[in-house]
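Just coords-v8.tsv here, TSV, C-alpha atoms:
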chain	number	residue	atom	x	y	z
A	24	MET	CA	59.74	66.87	-22.63
A	25	LEU	CA	60.62	64.33	-25.28
A	26	ASP	CA	63.75	62.33	-24.64
A	27	LEU	CA	65.51	62.39	-27.99
A	28	SER	CA	68.96	60.97	-27.29
A	29	VAL	CA	70.28	59.53	-30.54
A	30	SER	CA	71.92	56.54	-28.88
A	31	SER	CA	68.68	55.28	-27.29
A	32	LEU	CA	66.82	55.70	-30.59
A	33	PHE	CA	69.58	53.80	-32.39
A	34	ALA	CA	69.35	51.03	-29.80
A	35	ILE	CA	65.59	50.72	-30.42
A	36	LEU	CA	66.18	50.58	-34.18
A	37	VAL	CA	68.93	47.92	-34.11
A	38	SER	CA	67.06	45.89	-31.53
A	39	ALA	CA	63.89	45.84	-33.65
A	40	ILE	CA	65.73	44.92	-36.85
A	41	LEU	CA	68.22	42.33	-35.64
A	42	VAL	CA	68.06	41.32	-31.98
A	43	ASN	CA	64.31	41.04	-31.52
A	44	ASN	CA	63.51	40.53	-35.18
A	45	PHE	CA	59.72	40.56	-35.45
A	46	VAL	CA	59.49	37.39	-37.52
A	47	LEU	CA	62.40	35.26	-36.37
A	48	SER	CA	62.47	35.93	-32.66
A	49	ARG	CA	59.10	37.45	-31.70
A	50	PHE	CA	57.03	35.23	-34.07
A	51	LEU	CA	54.90	38.10	-35.36
A	52	GLY	CA	53.77	38.02	-38.99
A	53	ILE	CA	54.50	34.32	-39.57
A	54	CYS	CA	51.52	33.88	-41.95
A	55	PRO	CA	52.75	36.28	-44.66
A	56	PHE	CA	56.33	35.18	-43.92
A	57	LEU	CA	55.48	31.59	-44.89
A	58	GLY	CA	52.72	32.40	-47.38
A	59	VAL	CA	54.02	35.26	-49.53
A	60	SER	CA	57.66	34.29	-49.76
A	61	LYS	CA	57.97	32.08	-52.81
A	62	GLN	CA	59.56	34.82	-54.96
A	63	VAL	CA	61.88	37.67	-54.00
A	64	GLU	CA	59.82	40.19	-55.97
A	65	THR	CA	56.50	39.50	-54.23
A	66	ALA	CA	58.26	39.31	-50.88
A	67	PHE	CA	59.69	42.76	-51.51
A	68	GLY	CA	56.24	44.11	-52.41
A	69	MET	CA	54.78	42.68	-49.22
A	70	GLY	CA	57.63	44.21	-47.22
A	71	MET	CA	56.96	47.65	-48.70
A	72	ALA	CA	53.20	47.45	-48.05
A	73	VAL	CA	53.79	46.37	-44.45
A	74	THR	CA	56.32	49.18	-43.89
A	75	PHE	CA	53.77	51.72	-45.09
A	76	VAL	CA	50.90	50.43	-42.95
A	77	MET	CA	53.07	49.86	-39.86
A	78	SER	CA	54.39	53.44	-39.81
A	79	LEU	CA	50.93	55.00	-40.24
A	80	ALA	CA	49.23	52.59	-37.81
A	81	SER	CA	51.82	53.26	-35.11
A	82	ILE	CA	51.28	57.02	-35.27
A	83	ILE	CA	47.47	56.77	-35.28
A	84	THR	CA	47.25	54.22	-32.47
A	85	PHE	CA	49.67	56.35	-30.41
A	86	VAL	CA	47.26	59.28	-30.73
A	87	VAL	CA	44.22	57.08	-30.04
A	88	GLN	CA	45.81	55.59	-26.90
A	89	ASN	CA	47.14	58.85	-25.44
A	90	TYR	CA	44.35	61.25	-26.34
A	91	ILE	CA	41.22	59.05	-26.34
A	92	LEU	CA	41.63	55.82	-24.36
A	93	ASP	CA	43.88	57.03	-21.50
A	94	PRO	CA	41.96	60.23	-20.59
A	95	LEU	CA	38.64	58.38	-20.70
A	96	GLY	CA	39.94	55.36	-18.75
A	97	LEU	CA	38.99	53.02	-21.57
A	98	GLN	CA	42.26	51.02	-21.73
A	99	TYR	CA	40.34	47.76	-21.87
A	100	MET	CA	38.99	48.80	-25.30
A	101	GLN	CA	42.56	48.80	-26.67
A	102	THR	CA	42.37	45.56	-28.67
A	103	ILE	CA	39.04	46.44	-30.31
A	104	MET	CA	40.03	50.04	-31.09
A	105	PHE	CA	43.43	49.12	-32.51
A	106	ILE	CA	42.14	46.38	-34.81
A	107	LEU	CA	39.44	48.76	-36.09
A	108	VAL	CA	42.05	51.49	-36.69
A	109	ILE	CA	44.25	49.06	-38.62
A	110	ALA	CA	41.36	47.61	-40.65
A	111	SER	CA	40.03	51.02	-41.68
A	112	LEU	CA	43.54	52.35	-42.32
A	113	VAL	CA	44.29	49.46	-44.68
A	114	GLN	CA	41.00	50.06	-46.50
A	115	PHE	CA	41.70	53.80	-46.73
A	116	VAL	CA	45.28	53.35	-47.95
A	117	GLU	CA	44.03	50.93	-50.58
A	118	MET	CA	41.49	53.45	-51.92
A	119	VAL	CA	43.99	56.35	-51.91
A	120	ILE	CA	46.66	54.37	-53.74
A	121	GLN	CA	44.11	53.10	-56.26
A	122	LYS	CA	43.00	56.66	-57.11
A	123	THR	CA	46.37	58.43	-57.04
A	124	SER	CA	48.93	55.93	-58.25
A	125	PRO	CA	47.71	53.01	-60.36
A	126	ALA	CA	51.30	51.83	-60.84
A	127	LEU	CA	51.88	51.54	-57.09
A	128	TYR	CA	48.47	49.90	-56.72
A	129	GLN	CA	49.48	47.29	-59.29
A	130	SER	CA	52.48	46.29	-57.20
A	131	LEU	CA	51.11	46.68	-53.64
A	132	GLY	CA	47.35	46.24	-54.12
A	133	VAL	CA	47.16	42.48	-53.73
A	134	PHE	CA	49.01	42.55	-50.42
A	135	LEU	CA	46.98	45.24	-48.69
A	136	PRO	CA	43.89	43.19	-47.70
A	137	LEU	CA	46.19	40.55	-46.18
A	138	ILE	CA	47.76	43.09	-43.86
A	139	THR	CA	44.68	43.55	-41.65
A	140	THR	CA	45.15	40.07	-40.23
A	141	ASN	CA	48.94	40.36	-40.12
A	142	CYS	CA	49.66	40.07	-36.42
A	143	ALA	CA	52.92	42.00	-36.83
A	144	VAL	CA	50.96	45.25	-37.25
A	145	LEU	CA	48.63	44.79	-34.25
A	146	GLY	CA	51.56	43.36	-32.24
A	147	LEU	CA	53.73	46.38	-33.02
A	148	THR	CA	51.07	48.88	-31.95
A	149	ILE	CA	50.44	47.04	-28.66
A	150	LEU	CA	54.19	46.72	-27.97
A	151	ASN	CA	54.62	50.49	-28.53
A	152	ILE	CA	52.12	51.15	-25.75
A	153	GLN	CA	53.51	48.45	-23.43
A	154	GLU	CA	57.05	49.81	-23.75
A	155	ASN	CA	55.79	53.34	-22.99
A	156	TYR	CA	57.46	54.78	-26.08
A	157	ASN	CA	57.02	58.47	-26.87
A	158	ILE	CA	56.01	59.54	-30.39
A	159	VAL	CA	59.57	59.66	-31.79
A	160	GLU	CA	60.50	56.30	-30.29
A	161	THR	CA	57.23	54.87	-31.63
A	162	ILE	CA	58.08	55.94	-35.18
A	163	VAL	CA	61.66	54.63	-34.92
A	164	HIS	CA	60.39	51.32	-33.50
A	165	ALA	CA	57.85	51.04	-36.35
A	166	ILE	CA	60.54	51.61	-38.96
A	167	GLY	CA	62.84	49.09	-37.28
A	168	ALA	CA	60.08	46.50	-37.08
A	169	ALA	CA	59.14	47.02	-40.74
A	170	VAL	CA	62.76	46.83	-41.94
A	171	GLY	CA	63.27	43.69	-39.83
A	172	PHE	CA	60.15	42.09	-41.30
A	173	SER	CA	61.14	42.99	-44.88
A	174	LEU	CA	64.70	41.78	-44.35
A	175	ALA	CA	63.53	38.40	-43.02
A	176	ILE	CA	60.89	37.86	-45.71
A	177	VAL	CA	63.17	38.85	-48.64
A	178	LEU	CA	66.10	36.69	-47.40
A	179	PHE	CA	63.71	33.79	-46.84
A	180	ALA	CA	62.23	34.17	-50.34
A	181	ALA	CA	65.71	34.08	-51.86
A	182	ILE	CA	66.43	30.78	-50.07
A	183	ARG	CA	63.05	29.32	-51.08
A	184	GLU	CA	63.65	30.11	-54.76
A	185	LYS	CA	66.66	27.79	-54.53
A	186	LEU	CA	64.70	25.19	-52.52
A	187	GLU	CA	62.18	24.88	-55.38
A	188	ILE	CA	64.75	23.04	-57.47
A	189	ALA	CA	66.28	21.06	-54.62
A	190	ASN	CA	65.58	17.35	-54.17
A	191	VAL	CA	63.64	17.31	-50.87
A	192	PRO	CA	62.49	13.99	-49.28
A	193	GLN	CA	58.75	13.41	-49.80
A	194	PRO	CA	57.47	13.96	-46.21
A	195	PHE	CA	59.45	17.22	-45.96
A	196	LYS	CA	58.09	18.74	-49.19
A	197	GLY	CA	56.43	22.13	-48.85
A	198	PHE	CA	55.74	23.35	-45.36
A	199	PRO	CA	58.13	21.26	-43.18
A	200	ILE	CA	61.25	22.16	-45.16
A	201	ALA	CA	60.22	25.84	-45.11
A	202	LEU	CA	59.93	25.67	-41.32
A	203	LEU	CA	63.34	24.01	-40.96
A	204	THR	CA	64.87	26.69	-43.19
A	205	ALA	CA	63.26	29.39	-41.05
A	206	GLY	CA	64.65	27.62	-37.98
A	207	LEU	CA	68.19	27.82	-39.34
A	208	MET	CA	67.70	31.52	-40.19
A	209	SER	CA	66.40	32.11	-36.68
A	210	LEU	CA	69.48	30.36	-35.33
A	211	ALA	CA	71.64	32.78	-37.31
A	212	PHE	CA	69.70	35.77	-35.96
A	213	LEU	CA	70.17	34.43	-32.43
A	214	GLY	CA	73.81	35.38	-32.95
A	215	PHE	CA	72.78	39.03	-32.73
A	216	SER	CA	71.54	38.67	-29.15
A	217	GLY	CA	73.63	40.71	-26.75
A	218	LEU	CA	74.31	43.28	-29.48
A	219	VAL	CA	72.24	45.97	-27.74
B	66	MET	CA	26.79	16.66	-41.88
B	67	ASN	CA	26.57	14.86	-38.54
B	68	MET	CA	28.22	16.09	-35.35
B	69	GLY	CA	30.70	13.21	-35.17
B	70	ASN	CA	32.12	14.18	-38.54
B	71	ILE	CA	32.53	17.81	-37.48
B	72	VAL	CA	34.45	16.71	-34.38
B	73	LYS	CA	36.71	14.36	-36.38
B	74	ASN	CA	37.35	17.08	-38.96
B	75	GLY	CA	38.37	19.62	-36.33
B	76	ILE	CA	40.68	17.40	-34.36
B	77	VAL	CA	42.29	15.16	-36.99
B	78	ARG	CA	41.28	15.39	-40.65
B	79	GLU	CA	41.48	19.16	-40.91
B	80	ASN	CA	43.69	19.78	-37.90
B	81	PRO	CA	44.23	23.58	-37.84
B	82	VAL	CA	47.97	23.33	-37.24
B	83	PHE	CA	49.28	20.16	-38.90
B	84	ILE	CA	46.99	20.17	-41.95
B	85	GLN	CA	45.74	23.73	-42.48
B	86	PHE	CA	48.78	25.62	-41.07
B	87	LEU	CA	46.57	28.31	-39.53
B	88	GLY	CA	47.39	30.51	-36.55
B	89	MET	CA	51.12	29.89	-36.79
B	90	CYS	CA	52.25	32.88	-34.68
B	91	PRO	CA	50.91	31.66	-31.31
B	92	VAL	CA	51.78	28.05	-32.22
B	93	LEU	CA	55.44	28.96	-32.53
B	94	ALA	CA	55.59	31.66	-29.87
B	95	VAL	CA	54.01	30.17	-26.75
B	96	THR	CA	55.02	26.50	-26.98
B	97	GLY	CA	58.21	26.77	-24.91
B	98	THR	CA	56.35	24.79	-22.23
B	99	ALA	CA	53.37	22.41	-22.42
B	100	THR	CA	51.51	24.49	-19.81
B	101	ASN	CA	51.65	27.67	-21.89
B	102	GLY	CA	50.57	25.70	-24.96
B	103	LEU	CA	47.57	24.31	-23.09
B	104	GLY	CA	46.60	27.76	-21.76
B	105	MET	CA	46.84	29.37	-25.19
B	106	GLY	CA	44.90	26.50	-26.79
B	107	LEU	CA	42.05	26.71	-24.29
B	108	ALA	CA	41.86	30.53	-24.53
B	109	THR	CA	41.63	30.23	-28.32
B	110	THR	CA	38.98	27.50	-27.98
B	111	ALA	CA	36.87	29.75	-25.73
B	112	VAL	CA	37.08	32.65	-28.20
B	113	LEU	CA	36.32	30.33	-31.12
B	114	LEU	CA	33.24	28.91	-29.37
B	115	GLY	CA	31.97	32.41	-28.52
B	116	SER	CA	32.60	33.95	-31.92
B	117	ASN	CA	31.21	30.95	-33.87
B	118	THR	CA	28.03	30.97	-31.76
B	119	VAL	CA	27.37	34.72	-32.04
B	120	ILE	CA	28.21	34.87	-35.75
B	121	ALA	CA	25.98	31.88	-36.51
B	122	LEU	CA	23.12	33.59	-34.62
B	123	MET	CA	23.64	36.91	-36.42
B	124	LYS	CA	24.40	35.60	-39.91
B	125	ASN	CA	21.05	36.71	-41.33
B	126	PHE	CA	21.42	40.29	-40.05
B	127	ILE	CA	24.98	41.04	-41.20
B	128	PRO	CA	25.14	42.52	-44.73
B	129	SER	CA	27.67	40.50	-46.73
B	130	LYS	CA	29.64	43.61	-47.76
B	131	ILE	CA	30.70	44.48	-44.23
B	132	ARG	CA	30.83	40.95	-42.86
B	133	ILE	CA	34.61	40.81	-42.32
B	134	PRO	CA	34.77	43.98	-40.13
B	135	SER	CA	31.69	42.75	-38.25
B	136	PHE	CA	33.31	39.36	-37.60
B	137	ILE	CA	36.49	41.07	-36.39
B	138	VAL	CA	34.54	43.21	-33.90
B	139	VAL	CA	32.73	40.12	-32.53
B	140	ILE	CA	36.05	38.26	-32.21
B	141	ALA	CA	37.81	41.24	-30.59
B	142	THR	CA	35.01	41.49	-28.02
B	143	PHE	CA	35.43	37.88	-26.97
B	144	VAL	CA	39.23	38.21	-26.89
B	145	THR	CA	38.93	41.23	-24.56
B	146	MET	CA	36.58	39.29	-22.28
B	147	ILE	CA	38.84	36.20	-22.14
B	148	GLY	CA	41.84	38.45	-21.51
B	149	MET	CA	40.12	40.11	-18.54
B	150	VAL	CA	39.05	36.75	-17.08
B	151	MET	CA	42.59	35.36	-17.41
B	152	ASN	CA	44.10	38.49	-15.90
B	153	ALA	CA	41.80	38.12	-12.89
B	154	TYR	CA	42.00	34.37	-12.22
B	155	LEU	CA	45.20	33.15	-13.93
B	156	PRO	CA	47.63	36.11	-13.67
B	157	ASP	CA	50.77	33.96	-14.08
B	158	LEU	CA	49.55	32.43	-17.32
B	159	PHE	CA	48.30	35.84	-18.48
B	160	ASN	CA	51.78	37.32	-17.99
B	161	ALA	CA	53.53	34.34	-19.60
B	162	LEU	CA	51.39	34.58	-22.76
B	163	GLY	CA	51.69	38.39	-22.76
B	164	ILE	CA	51.07	40.10	-26.07
B	165	PHE	CA	49.77	36.89	-27.65
B	166	ILE	CA	46.46	37.17	-25.78
B	167	PRO	CA	45.28	40.35	-27.57
B	168	LEU	CA	46.77	38.86	-30.74
B	169	ILE	CA	44.19	36.02	-30.66
B	170	VAL	CA	42.10	38.60	-32.59
B	171	VAL	CA	44.26	38.17	-35.68
B	172	ASN	CA	44.54	34.38	-35.45
B	173	CYS	CA	43.48	33.40	-38.99
B	174	LEU	CA	41.91	30.18	-37.66
B	175	ILE	CA	39.12	32.13	-35.91
B	176	LEU	CA	38.27	34.43	-38.81
B	177	GLY	CA	38.59	31.43	-41.13
B	178	ARG	CA	35.99	29.40	-39.20
B	179	ALA	CA	33.67	32.42	-39.02
B	180	GLU	CA	33.86	32.92	-42.78
B	181	SER	CA	33.81	29.31	-43.94
B	182	PHE	CA	31.58	27.66	-41.32
B	183	ALA	CA	29.65	29.84	-38.84
B	184	SER	CA	28.33	32.29	-41.46
B	185	LYS	CA	26.77	29.45	-43.47
B	186	LYS	CA	25.74	26.70	-41.04
B	187	PRO	CA	23.17	26.35	-38.19
B	188	THR	CA	24.07	27.54	-34.70
B	189	GLY	CA	24.39	24.10	-33.06
B	190	ALA	CA	26.77	22.80	-35.71
B	191	SER	CA	28.81	26.03	-35.50
B	192	MET	CA	29.24	25.61	-31.75
B	193	VAL	CA	30.44	22.01	-32.20
B	194	ASP	CA	32.77	23.17	-34.98
B	195	GLY	CA	34.20	25.91	-32.72
B	196	ILE	CA	34.92	23.47	-29.91
B	197	SER	CA	36.40	20.78	-32.21
B	198	MET	CA	38.65	23.16	-34.14
B	199	GLY	CA	39.71	24.71	-30.82
B	200	LEU	CA	40.55	21.31	-29.35
B	201	GLY	CA	42.47	20.33	-32.50
B	202	PHE	CA	44.46	23.55	-32.11
B	203	THR	CA	44.97	22.87	-28.37
B	204	LEU	CA	46.12	19.31	-29.05
B	205	ALA	CA	48.75	20.53	-31.53
B	206	LEU	CA	49.98	23.22	-29.11
B	207	VAL	CA	50.26	20.77	-26.21
B	208	VAL	CA	52.12	18.16	-28.32
B	209	LEU	CA	54.54	20.78	-29.64
B	210	GLY	CA	54.95	22.33	-26.18
B	211	ALA	CA	55.57	18.93	-24.56
B	212	VAL	CA	58.18	17.92	-27.17
B	213	ARG	CA	60.02	21.24	-26.89
B	214	GLU	CA	59.87	21.26	-23.09
B	215	LEU	CA	61.03	17.63	-22.83
B	216	ILE	CA	64.04	18.10	-25.11
B	217	GLY	CA	64.77	21.67	-24.06
B	218	SER	CA	64.53	21.39	-20.28
B	219	GLY	CA	63.87	17.71	-19.51
B	220	SER	CA	60.36	18.18	-18.11
B	221	ILE	CA	56.70	18.12	-19.18
B	222	PHE	CA	54.12	20.44	-17.57
B	223	GLY	CA	56.91	21.47	-15.19
B	224	LEU	CA	57.44	17.87	-13.95
B	225	GLU	CA	61.10	16.81	-14.04
B	226	LEU	CA	61.19	13.59	-16.08
B	227	LEU	CA	64.72	13.06	-17.31
B	228	GLY	CA	66.62	13.87	-14.12
B	229	GLU	CA	69.74	15.91	-13.40
B	230	ALA	CA	72.04	13.95	-15.72
B	231	TYR	CA	70.08	14.95	-18.85
B	232	PRO	CA	71.99	17.59	-20.81
B	233	ALA	CA	69.11	19.98	-21.62
B	234	MET	CA	69.19	21.33	-25.17
B	235	GLY	CA	68.27	24.92	-24.37
B	236	ILE	CA	67.96	25.78	-28.06
B	237	MET	CA	64.65	23.89	-28.24
B	238	VAL	CA	62.89	26.29	-25.88
B	239	GLN	CA	64.37	29.31	-27.71
B	240	PRO	CA	62.93	30.73	-30.96
B	241	PRO	CA	64.86	28.51	-33.45
B	242	GLY	CA	63.64	25.40	-31.62
B	243	ALA	CA	60.03	26.34	-32.36
B	244	PHE	CA	60.60	26.31	-36.13
B	245	LEU	CA	62.72	23.15	-36.03
B	246	ALA	CA	60.33	21.20	-33.77
B	247	LEU	CA	57.22	22.14	-35.76
B	248	GLY	CA	58.98	21.34	-39.06
B	249	LEU	CA	60.01	17.89	-37.84
B	250	LEU	CA	56.61	17.14	-36.26
B	251	THR	CA	54.78	18.13	-39.46
B	252	ALA	CA	57.08	15.87	-41.48
B	253	LEU	CA	56.33	13.04	-39.02
B	254	PHE	CA	52.59	13.73	-39.36
B	255	ASN	CA	53.02	13.53	-43.16
B	256	VAL	CA	54.82	10.16	-42.90
B	257	VAL	CA	51.99	8.71	-40.80
B	258	ILE	CA	49.29	10.05	-43.13
B	259	LEU	CA	51.11	8.97	-46.32
B	260	LYS	CA	51.43	5.43	-44.92
B	261	ARG	CA	47.75	5.31	-44.10
B	262	ILE	CA	46.78	6.39	-47.63
B	263	LYS	CA	48.92	3.61	-49.14

Please re-express this file's structure in structure tokens.
Amino acid sequence: MLDLSVSSLFAILVSAILVNNFVLSRFLGICPFLGVSKQVETAFGMGMAVTFVMSLASIITFVVQNYILDPLGLQYMQTIMFILVIASLVQFVEMVIQKTSPALYQSLGVFLPLITTNCAVLGLTILNIQENYNIVETIVHAIGAAVGFSLAIVLFAAIREKLEIANVPQPFKGFPIALLTAGLMSLAFLGFSGLV
Amino acid sequence: MNMGNIVKNGIVRENPVFIQFLGMCPVLAVTGTATNGLGMGLATTAVLLGSNTVIALMKNFIPSKIRIPSFIVVIATFVTMIGMVMNAYLPDLFNALGIFIPLIVVNCLILGRAESFASKKPTGASMVDGISMGLGFTLALVVLGAVRELIGSGSIFGLELLGEAYPAMGIMVQPPGAFLALGLLTALFNVVILKRIK
């Protein structure tokens, strides 16, 4: 039987968004976080694309793990299977969006190829299995992780837009100041620990 | 290009972490102690050596259209093998690094070297490139791990250095410390390099 108590699902959701934020406390998805966060608009697009892929990938890898790998005793193939699922899923989603909704493709298209090597997606699917989540918990965890990722990347982009016009000392220009900013954000998110 | 240049490029001139900013997730996540940093660095080096060698050997047989998925499968195979070896012989390290071992697959450094070096150059040079880039990565992880461990808990590689009286700044071994320490170290690296250019 599925355990569907609302309070435990809510705990998973809040924990994934705030307490164990994927970017700021688990360090998953740092590359897009630092790379695609110069403008709020592109950051938002990236967040949406990741949300989409994370939800689908979680469901598919759940099925793959429970109905193919576990019964056949092939758990050691997990990493290879999951990365293949994610890579083909991203390719498939890209083709579907391109055919059905050119407008959506315009806004999300550029981000999709980057998502295959976004460790947040592979990390999420492996965590789902490690935590022994059932299908409902898996979906809730995926949504929480995606919202947490989008929240962090959009907030960070908003700060970086301001940083562009700030007078930063020469050695700190670019990457170092971005890292220090992320450190301060992470410090703020540390305040959520103990919430769940 | 001679081998000496490839080694220098990997370790200093194109250091994966301080210059190219590749593979940031494990860099930030596992450097709470110097030991974990060293373990992660060497695991990545082993995968990089394996994947660079195999991809350089197979470069003439892989059609260019499906090269990225092919590279990923080669890399994932080596990551699985390294993971199993670590689980068998170094279980403590394996548990400490946790989810970041399977995640070596999506370390952009490895796919980056496959695409920009191993798929174009001879096998010998690709092997040297794999080892040098891996050691450059390891060096950065150990330096960052040592700095964080020293400030955060007063020790390096688990050896108590600063004694009981040192007020350990626990924040440095927690997530925010990773961002702050890497930001400051990169700025320091920039100062040194800028001076040398002048």

**Message:** With 12 Å as the threshold, what does the neighbourhood of (70.2, 47.4, -30.4) contain in terms of residues, counting only C-alpha atoms? Coordinates are those of the file; answer as number ranges by chain.
**Reply:** A: 30-44, 164, 167, 215-219

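Proximity ranking of A:Glu184, A:Ser60, A:Asn89, A:Gln101 relative to A:Asn155 places A:Asn89 first, based on all atoms listed in the file.
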
**Message:** Residues of chain B within 10 Å of chain A, counting only C-alpha atoms - could you list those as a PyMOL selection string?
**Reply:** chain B and resi 83-84+86-95+133-134+137-146+148-149+164-173+176+236+239-259

**Item:** Point-to-point distance from atom CA of B:Gly235 to atom CA of B:Gly217, Å rounded to tenths
**Value:**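 Atom-to-atom, atom CA of B:Gly235 and atom CA of B:Gly217 are spaced 4.8 Å apart.
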
**Asked** Mind pulling up the distance from atom CA of B:Leu155 to atom CA of B:Met198?
**Response**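 The value is 23.5 Å.
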
Reconstruct N, CA and C atoms of stretch 140-159 of chain A from the incomplete input and present them as a PDB file, in the frame of the given file.
ATOM      1  N   THR A 140      44.989  41.199 -41.147  1.00  0.00           N
ATOM      2  CA  THR A 140      45.150  40.070 -40.230  1.00  0.00           C
ATOM      3  C   THR A 140      46.611  39.680 -40.057  1.00  0.00           C
ATOM      4  N   ASN A 141      47.526  40.605 -40.374  1.00  0.00           N
ATOM      5  CA  ASN A 141      48.940  40.360 -40.120  1.00  0.00           C
ATOM      6  C   ASN A 141      49.217  40.745 -38.669  1.00  0.00           C
ATOM      7  N   CYS A 142      49.552  39.751 -37.845  1.00  0.00           N
ATOM      8  CA  CYS A 142      49.660  40.070 -36.420  1.00  0.00           C
ATOM      9  C   CYS A 142      50.853  40.968 -36.135  1.00  0.00           C
ATOM     10  N   ALA A 143      51.788  41.116 -37.090  1.00  0.00           N
ATOM     11  CA  ALA A 143      52.920  42.000 -36.830  1.00  0.00           C
ATOM     12  C   ALA A 143      52.455  43.436 -36.624  1.00  0.00           C
ATOM     13  N   VAL A 144      51.405  43.860 -37.354  1.00  0.00           N
ATOM     14  CA  VAL A 144      50.960  45.250 -37.250  1.00  0.00           C
ATOM     15  C   VAL A 144      50.284  45.493 -35.899  1.00  0.00           C
ATOM     16  N   LEU A 145      49.308  44.638 -35.546  1.00  0.00           N
ATOM     17  CA  LEU A 145      48.630  44.790 -34.250  1.00  0.00           C
ATOM     18  C   LEU A 145      49.642  44.594 -33.113  1.00  0.00           C
ATOM     19  N   GLY A 146      50.536  43.618 -33.268  1.00  0.00           N
ATOM     20  CA  GLY A 146      51.560  43.360 -32.240  1.00  0.00           C
ATOM     21  C   GLY A 146      52.440  44.567 -32.018  1.00  0.00           C
ATOM     22  N   LEU A 147      52.876  45.186 -33.113  1.00  0.00           N
ATOM     23  CA  LEU A 147      53.730  46.380 -33.020  1.00  0.00           C
ATOM     24  C   LEU A 147      53.030  47.493 -32.260  1.00  0.00           C
ATOM     25  N   THR A 148      51.759  47.761 -32.597  1.00  0.00           N
ATOM     26  CA  THR A 148      51.070  48.880 -31.950  1.00  0.00           C
ATOM     27  C   THR A 148      50.876  48.610 -30.459  1.00  0.00           C
ATOM     28  N   ILE A 149      50.619  47.349 -30.085  1.00  0.00           N
ATOM     29  CA  ILE A 149      50.440  47.040 -28.660  1.00  0.00           C
ATOM     30  C   ILE A 149      51.790  47.132 -27.929  1.00  0.00           C
ATOM     31  N   LEU A 150      52.858  46.640 -28.584  1.00  0.00           N
ATOM     32  CA  LEU A 150      54.190  46.720 -27.970  1.00  0.00           C
ATOM     33  C   LEU A 150      54.601  48.165 -27.719  1.00  0.00           C
ATOM     34  N   ASN A 151      54.300  49.060 -28.686  1.00  0.00           N
ATOM     35  CA  ASN A 151      54.620  50.490 -28.530  1.00  0.00           C
ATOM     36  C   ASN A 151      54.046  51.025 -27.236  1.00  0.00           C
ATOM     37  N   ILE A 152      52.791  50.651 -26.955  1.00  0.00           N
ATOM     38  CA  ILE A 152      52.120  51.150 -25.750  1.00  0.00           C
ATOM     39  C   ILE A 152      52.720  50.504 -24.505  1.00  0.00           C
ATOM     40  N   GLN A 153      52.950  49.159 -24.585  1.00  0.00           N
ATOM     41  CA  GLN A 153      53.510  48.450 -23.430  1.00  0.00           C
ATOM     42  C   GLN A 153      54.876  48.989 -23.027  1.00  0.00           C
ATOM     43  N   GLU A 154      55.692  49.342 -24.030  1.00  0.00           N
ATOM     44  CA  GLU A 154      57.050  49.810 -23.750  1.00  0.00           C
ATOM     45  C   GLU A 154      57.059  51.280 -23.356  1.00  0.00           C
ATOM     46  N   ASN A 155      55.883  51.927 -23.359  1.00  0.00           N
ATOM     47  CA  ASN A 155      55.790  53.340 -22.990  1.00  0.00           C
ATOM     48  C   ASN A 155      56.612  54.253 -23.881  1.00  0.00           C
ATOM     49  N   TYR A 156      56.668  53.953 -25.168  1.00  0.00           N
ATOM     50  CA  TYR A 156      57.460  54.780 -26.080  1.00  0.00           C
ATOM     51  C   TYR A 156      56.782  56.125 -26.306  1.00  0.00           C
ATOM     52  N   ASN A 157      57.588  57.191 -26.452  1.00  0.00           N
ATOM     53  CA  ASN A 157      57.020  58.470 -26.870  1.00  0.00           C
ATOM     54  C   ASN A 157      56.876  58.465 -28.396  1.00  0.00           C
ATOM     55  N   ILE A 158      56.369  59.567 -28.965  1.00  0.00           N
ATOM     56  CA  ILE A 158      56.010  59.540 -30.390  1.00  0.00           C
ATOM     57  C   ILE A 158      57.222  59.278 -31.292  1.00  0.00           C
ATOM     58  N   VAL A 159      58.391  59.869 -30.939  1.00  0.00           N
ATOM     59  CA  VAL A 159      59.570  59.660 -31.790  1.00  0.00           C
ATOM     60  C   VAL A 159      60.035  58.207 -31.702  1.00  0.00           C
TER      61      VAL A 159
END
